[in-house]
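The structure file upload.txt is reproduced below (compact mmCIF, N, CA and C atoms).
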# COMPACT_ATOMS: atom_id res chain seq x y z
N SER T 1 31.63 -176.78 187.72
CA SER T 1 30.94 -175.70 188.40
C SER T 1 31.39 -175.59 189.85
N ASN T 2 31.95 -176.66 190.42
CA ASN T 2 32.43 -176.60 191.80
C ASN T 2 33.94 -176.42 191.89
N GLU T 3 34.55 -176.09 190.76
CA GLU T 3 36.01 -176.01 190.72
C GLU T 3 36.57 -175.05 191.77
N ARG T 4 35.86 -173.95 192.04
CA ARG T 4 36.37 -172.96 193.00
C ARG T 4 36.25 -173.43 194.44
N THR T 5 35.33 -174.36 194.73
CA THR T 5 35.11 -174.76 196.12
C THR T 5 35.70 -176.12 196.47
N CYS T 6 36.10 -176.91 195.47
CA CYS T 6 36.65 -178.23 195.74
C CYS T 6 38.11 -178.08 196.17
N TYR T 7 38.52 -178.88 197.11
CA TYR T 7 39.90 -178.79 197.60
C TYR T 7 40.91 -179.27 196.56
N LEU T 8 40.45 -179.97 195.53
CA LEU T 8 41.35 -180.52 194.52
C LEU T 8 41.30 -179.62 193.29
N PRO T 9 42.15 -178.59 193.24
CA PRO T 9 42.10 -177.66 192.11
C PRO T 9 42.60 -178.30 190.82
N ALA T 10 41.99 -177.92 189.72
CA ALA T 10 42.36 -178.48 188.41
C ALA T 10 43.79 -178.13 188.02
N ASP T 11 44.34 -177.05 188.58
CA ASP T 11 45.70 -176.65 188.23
C ASP T 11 46.73 -177.15 189.25
N LEU T 12 46.36 -178.14 190.06
CA LEU T 12 47.27 -178.70 191.04
C LEU T 12 48.50 -179.26 190.33
N PRO T 13 49.71 -178.87 190.75
CA PRO T 13 50.92 -179.37 190.08
C PRO T 13 50.94 -180.90 190.05
N GLY T 14 51.20 -181.44 188.87
CA GLY T 14 51.30 -182.89 188.71
C GLY T 14 49.98 -183.60 188.47
N LEU T 15 48.86 -182.89 188.61
CA LEU T 15 47.56 -183.53 188.44
C LEU T 15 47.37 -184.09 187.03
N PHE T 16 47.70 -183.28 186.03
CA PHE T 16 47.51 -183.72 184.65
C PHE T 16 48.45 -184.87 184.32
N ASP T 17 49.69 -184.80 184.79
CA ASP T 17 50.63 -185.90 184.55
C ASP T 17 50.13 -187.19 185.19
N GLY T 18 49.57 -187.08 186.38
CA GLY T 18 49.01 -188.24 187.05
C GLY T 18 47.84 -188.83 186.28
N LEU T 19 47.02 -187.95 185.72
CA LEU T 19 45.89 -188.40 184.91
C LEU T 19 46.37 -189.18 183.70
N LEU T 20 47.40 -188.67 183.04
CA LEU T 20 47.93 -189.37 181.87
C LEU T 20 48.48 -190.74 182.24
N GLU T 21 49.12 -190.85 183.39
CA GLU T 21 49.64 -192.14 183.85
C GLU T 21 48.49 -193.10 184.15
N PHE T 22 47.43 -192.58 184.75
CA PHE T 22 46.26 -193.39 185.08
C PHE T 22 45.64 -193.98 183.82
N CYS T 23 45.62 -193.22 182.75
CA CYS T 23 44.97 -193.61 181.51
C CYS T 23 45.73 -194.67 180.72
N LYS T 24 47.02 -194.74 180.90
CA LYS T 24 47.85 -195.63 180.08
C LYS T 24 47.34 -197.06 180.13
N PRO T 25 47.33 -197.79 179.05
CA PRO T 25 47.83 -197.44 177.73
C PRO T 25 46.77 -196.76 176.86
N LEU T 26 45.62 -196.46 177.42
CA LEU T 26 44.54 -195.82 176.67
C LEU T 26 44.71 -194.31 176.71
N ASN T 27 43.89 -193.59 175.94
CA ASN T 27 43.91 -192.14 176.07
C ASN T 27 42.78 -191.71 177.00
N CYS T 28 42.80 -190.48 177.43
CA CYS T 28 41.87 -190.00 178.46
C CYS T 28 40.43 -189.90 178.00
N THR T 29 40.19 -190.00 176.69
CA THR T 29 38.82 -189.97 176.19
C THR T 29 38.30 -191.36 175.83
N HIS T 30 39.02 -192.39 176.20
CA HIS T 30 38.55 -193.75 175.96
C HIS T 30 37.42 -194.05 176.95
N PRO T 31 36.34 -194.66 176.51
CA PRO T 31 35.21 -194.94 177.40
C PRO T 31 35.54 -195.79 178.62
N PHE T 32 36.59 -196.60 178.55
CA PHE T 32 36.98 -197.39 179.71
C PHE T 32 37.64 -196.52 180.78
N VAL T 33 38.15 -195.36 180.38
CA VAL T 33 38.76 -194.42 181.32
C VAL T 33 37.71 -193.42 181.81
N SER T 34 36.95 -192.88 180.89
CA SER T 34 35.90 -191.91 181.23
C SER T 34 34.60 -192.35 180.58
N PRO T 35 33.66 -192.87 181.38
CA PRO T 35 32.42 -193.38 180.80
C PRO T 35 31.56 -192.32 180.11
N LEU T 36 31.86 -191.05 180.32
CA LEU T 36 31.12 -190.00 179.61
C LEU T 36 31.35 -190.05 178.11
N TYR T 37 32.40 -190.73 177.68
CA TYR T 37 32.69 -190.87 176.25
C TYR T 37 32.11 -192.16 175.66
N ALA T 38 31.39 -192.93 176.44
CA ALA T 38 30.79 -194.16 175.95
C ALA T 38 29.61 -193.84 175.03
N THR T 39 29.41 -194.69 174.05
CA THR T 39 28.24 -194.55 173.19
C THR T 39 27.02 -195.09 173.93
N ARG T 40 25.85 -194.72 173.46
CA ARG T 40 24.62 -195.21 174.08
C ARG T 40 24.57 -196.74 174.04
N ASP T 41 25.04 -197.33 172.94
CA ASP T 41 25.05 -198.79 172.84
C ASP T 41 25.95 -199.42 173.90
N MET T 42 27.05 -198.77 174.22
CA MET T 42 27.97 -199.30 175.23
C MET T 42 27.33 -199.26 176.62
N LEU T 43 26.41 -198.32 176.84
CA LEU T 43 25.79 -198.17 178.16
C LEU T 43 24.62 -199.13 178.37
N ARG T 44 24.05 -199.63 177.30
CA ARG T 44 22.92 -200.55 177.42
C ARG T 44 23.38 -201.88 178.02
N GLY T 45 22.56 -202.40 178.91
CA GLY T 45 22.81 -203.72 179.46
C GLY T 45 23.80 -203.77 180.61
N LEU T 46 24.23 -202.62 181.09
CA LEU T 46 25.14 -202.63 182.24
C LEU T 46 24.38 -203.09 183.49
N PRO T 47 25.07 -203.64 184.46
CA PRO T 47 24.41 -203.99 185.72
C PRO T 47 24.00 -202.70 186.44
N PRO T 48 23.19 -202.80 187.49
CA PRO T 48 22.81 -201.59 188.22
C PRO T 48 24.04 -200.79 188.65
N VAL T 49 23.91 -199.47 188.60
CA VAL T 49 25.03 -198.58 188.89
C VAL T 49 24.66 -197.65 190.04
N LEU T 50 25.55 -197.53 191.01
CA LEU T 50 25.41 -196.57 192.10
C LEU T 50 26.47 -195.50 191.91
N ILE T 51 26.04 -194.25 191.79
CA ILE T 51 26.97 -193.12 191.66
C ILE T 51 26.85 -192.31 192.93
N GLN T 52 27.96 -192.13 193.63
CA GLN T 52 28.00 -191.31 194.83
C GLN T 52 28.90 -190.13 194.54
N VAL T 53 28.42 -188.94 194.83
CA VAL T 53 29.16 -187.73 194.51
C VAL T 53 28.93 -186.70 195.61
N GLY T 54 29.98 -185.96 195.90
CA GLY T 54 29.86 -184.88 196.87
C GLY T 54 29.26 -183.65 196.22
N GLY T 55 28.48 -182.89 196.98
CA GLY T 55 27.89 -181.67 196.45
C GLY T 55 28.92 -180.63 196.09
N GLY T 56 30.11 -180.70 196.68
CA GLY T 56 31.18 -179.77 196.39
C GLY T 56 32.25 -180.34 195.48
N GLU T 57 31.97 -181.50 194.92
CA GLU T 57 32.92 -182.23 194.07
C GLU T 57 33.18 -181.50 192.76
N THR T 58 34.42 -181.45 192.34
CA THR T 58 34.77 -180.85 191.05
C THR T 58 34.05 -181.57 189.90
N LEU T 59 33.87 -182.87 190.02
CA LEU T 59 33.24 -183.65 188.96
C LEU T 59 31.74 -183.87 189.18
N TYR T 60 31.13 -183.03 189.99
CA TYR T 60 29.70 -183.15 190.29
C TYR T 60 28.85 -183.17 189.01
N ASP T 61 29.05 -182.21 188.14
CA ASP T 61 28.25 -182.13 186.92
C ASP T 61 28.40 -183.38 186.06
N GLU T 62 29.61 -183.90 185.98
CA GLU T 62 29.86 -185.10 185.18
C GLU T 62 29.16 -186.31 185.80
N ALA T 63 29.15 -186.41 187.12
CA ALA T 63 28.48 -187.52 187.78
C ALA T 63 26.97 -187.48 187.52
N ILE T 64 26.39 -186.31 187.60
CA ILE T 64 24.96 -186.16 187.34
C ILE T 64 24.67 -186.48 185.87
N GLU T 65 25.52 -185.99 184.97
CA GLU T 65 25.33 -186.25 183.54
C GLU T 65 25.42 -187.74 183.23
N TRP T 66 26.38 -188.43 183.84
CA TRP T 66 26.52 -189.86 183.58
C TRP T 66 25.30 -190.61 184.08
N GLY T 67 24.79 -190.23 185.24
CA GLY T 67 23.57 -190.85 185.74
C GLY T 67 22.40 -190.66 184.79
N ALA T 68 22.27 -189.47 184.24
CA ALA T 68 21.20 -189.19 183.28
C ALA T 68 21.38 -189.99 182.00
N CYS T 69 22.63 -190.14 181.54
CA CYS T 69 22.91 -190.93 180.34
C CYS T 69 22.50 -192.38 180.55
N LEU T 70 22.87 -192.94 181.69
CA LEU T 70 22.51 -194.33 181.98
C LEU T 70 21.00 -194.51 182.03
N ALA T 71 20.33 -193.58 182.69
CA ALA T 71 18.87 -193.67 182.80
C ALA T 71 18.21 -193.54 181.43
N SER T 72 18.79 -192.73 180.55
CA SER T 72 18.18 -192.50 179.24
C SER T 72 18.19 -193.74 178.34
N VAL T 73 19.07 -194.70 178.64
CA VAL T 73 19.09 -195.94 177.86
C VAL T 73 18.45 -197.09 178.63
N GLY T 74 17.71 -196.74 179.66
CA GLY T 74 16.99 -197.76 180.44
C GLY T 74 17.79 -198.41 181.53
N GLY T 75 18.94 -197.84 181.85
CA GLY T 75 19.77 -198.41 182.90
C GLY T 75 19.19 -198.18 184.28
N HIS T 76 19.51 -199.10 185.18
CA HIS T 76 19.12 -198.94 186.58
C HIS T 76 20.24 -198.19 187.28
N VAL T 77 19.96 -196.96 187.64
CA VAL T 77 21.00 -196.11 188.23
C VAL T 77 20.43 -195.35 189.42
N LYS T 78 21.25 -195.24 190.44
CA LYS T 78 20.91 -194.43 191.61
C LYS T 78 22.04 -193.44 191.82
N VAL T 79 21.70 -192.17 191.92
CA VAL T 79 22.70 -191.13 192.16
C VAL T 79 22.48 -190.60 193.58
N GLU T 80 23.50 -190.69 194.40
CA GLU T 80 23.44 -190.16 195.75
C GLU T 80 24.37 -188.96 195.84
N VAL T 81 23.82 -187.83 196.25
CA VAL T 81 24.59 -186.60 196.40
C VAL T 81 24.78 -186.33 197.89
N PHE T 82 26.03 -186.18 198.29
CA PHE T 82 26.35 -185.88 199.68
C PHE T 82 26.75 -184.42 199.77
N GLU T 83 25.79 -183.60 200.18
CA GLU T 83 26.01 -182.15 200.23
C GLU T 83 27.19 -181.84 201.15
N GLY T 84 28.01 -180.91 200.71
CA GLY T 84 29.16 -180.46 201.49
C GLY T 84 30.39 -181.34 201.34
N ALA T 85 30.24 -182.51 200.77
CA ALA T 85 31.41 -183.39 200.57
C ALA T 85 32.14 -182.97 199.31
N PHE T 86 33.44 -183.22 199.29
CA PHE T 86 34.26 -182.86 198.14
C PHE T 86 34.91 -184.12 197.58
N HIS T 87 35.84 -183.97 196.66
CA HIS T 87 36.47 -185.12 196.01
C HIS T 87 37.24 -185.98 197.01
N VAL T 88 37.16 -187.26 196.86
CA VAL T 88 37.83 -188.26 197.70
C VAL T 88 37.49 -188.09 199.17
N TRP T 89 36.23 -188.09 199.46
CA TRP T 89 35.78 -187.95 200.86
C TRP T 89 35.64 -189.29 201.51
Produce structure tokens that represent the structure in this file.
Amino acid sequence: SNERTCYLPADLPGLFDGLLEFCKPLNCTHPFVSPLYATRDMLRGLPPVLIQVGGGETLYDEAIEWGACLASVGGHVKVEVFEGAFHVW
């Protein structure tokens, strides 16, 4: 939802290639790469989690969703939103 306002556009040349390199040897939907793909059982028993996200972050919605997922399985999670901040602030 913040894709238009974040300084890191999704169509940035080389971004997708960099993502694929980051994921190796796993694929991009592996829970160790992206926790949004974790099962509820995988999320249970994690240590306390602090999620910090900028209000203008491209991944803002995903950060909020992950916080809600952790809370829904009884996890101790704190989500801090920094209004006006963008990715890698």
Edge lengths and centre, in Å to one decimal, as JSON: that's what I need for the box along x, y and z that holds all listed atoms of range 37-47 of chain T plus 6 Å on each side.
{"center_x": 27.6, "center_y": -197.4, "center_z": 179.6, "size_x": 22.1, "size_y": 25.3, "size_z": 25.6}
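The shortest atom-to-atom distance to Leu70 in chain T, with all atoms listed in the file taken into account, belongs to T:Arg44 out of T:Leu19, T:Pro25, T:Arg44, T:Tyr37.
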Query - 6 Å contact set for range 78-89 of chain T, only N, CA and C atoms, chain neighbours under 2 positions out, as a PyMOL selection string - result: chain T and resi 6-7+49-58+76
Report task. Give the alpha helix (DSSP H) residues of range 1-82 of chain T, as assigned by DSSP on the backbone, as an MDAnalysis selection string. Result -> chainID T and resid 15:23 40:43 60:72
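Taking CA of Arg40 in chain T as the reference point, CA of Phe22 in chain T is found at 24.3 Å.
Distance-wise, CA of Glu62 in chain T and CA of Phe32 in chain T end up 15.2 Å apart.
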Query raised in the report: What are the DSSP strand (DSSP E) residues of chain T, as a PyMOL selection string?
Result: chain T and resi 49-54+77-82
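Of the residues listed (T:Cys28, T:Gly14, T:Tyr60, T:Leu46), T:Leu46 shows the shortest atom-to-atom separation from Gly74 in chain T; distances use only N, CA and C atoms.
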Query raised in the report: Suppose you want the space between CA of Pro31 in chain T and CA of Trp66 in chain T; what is it in Å?
Result: 11.8 Å
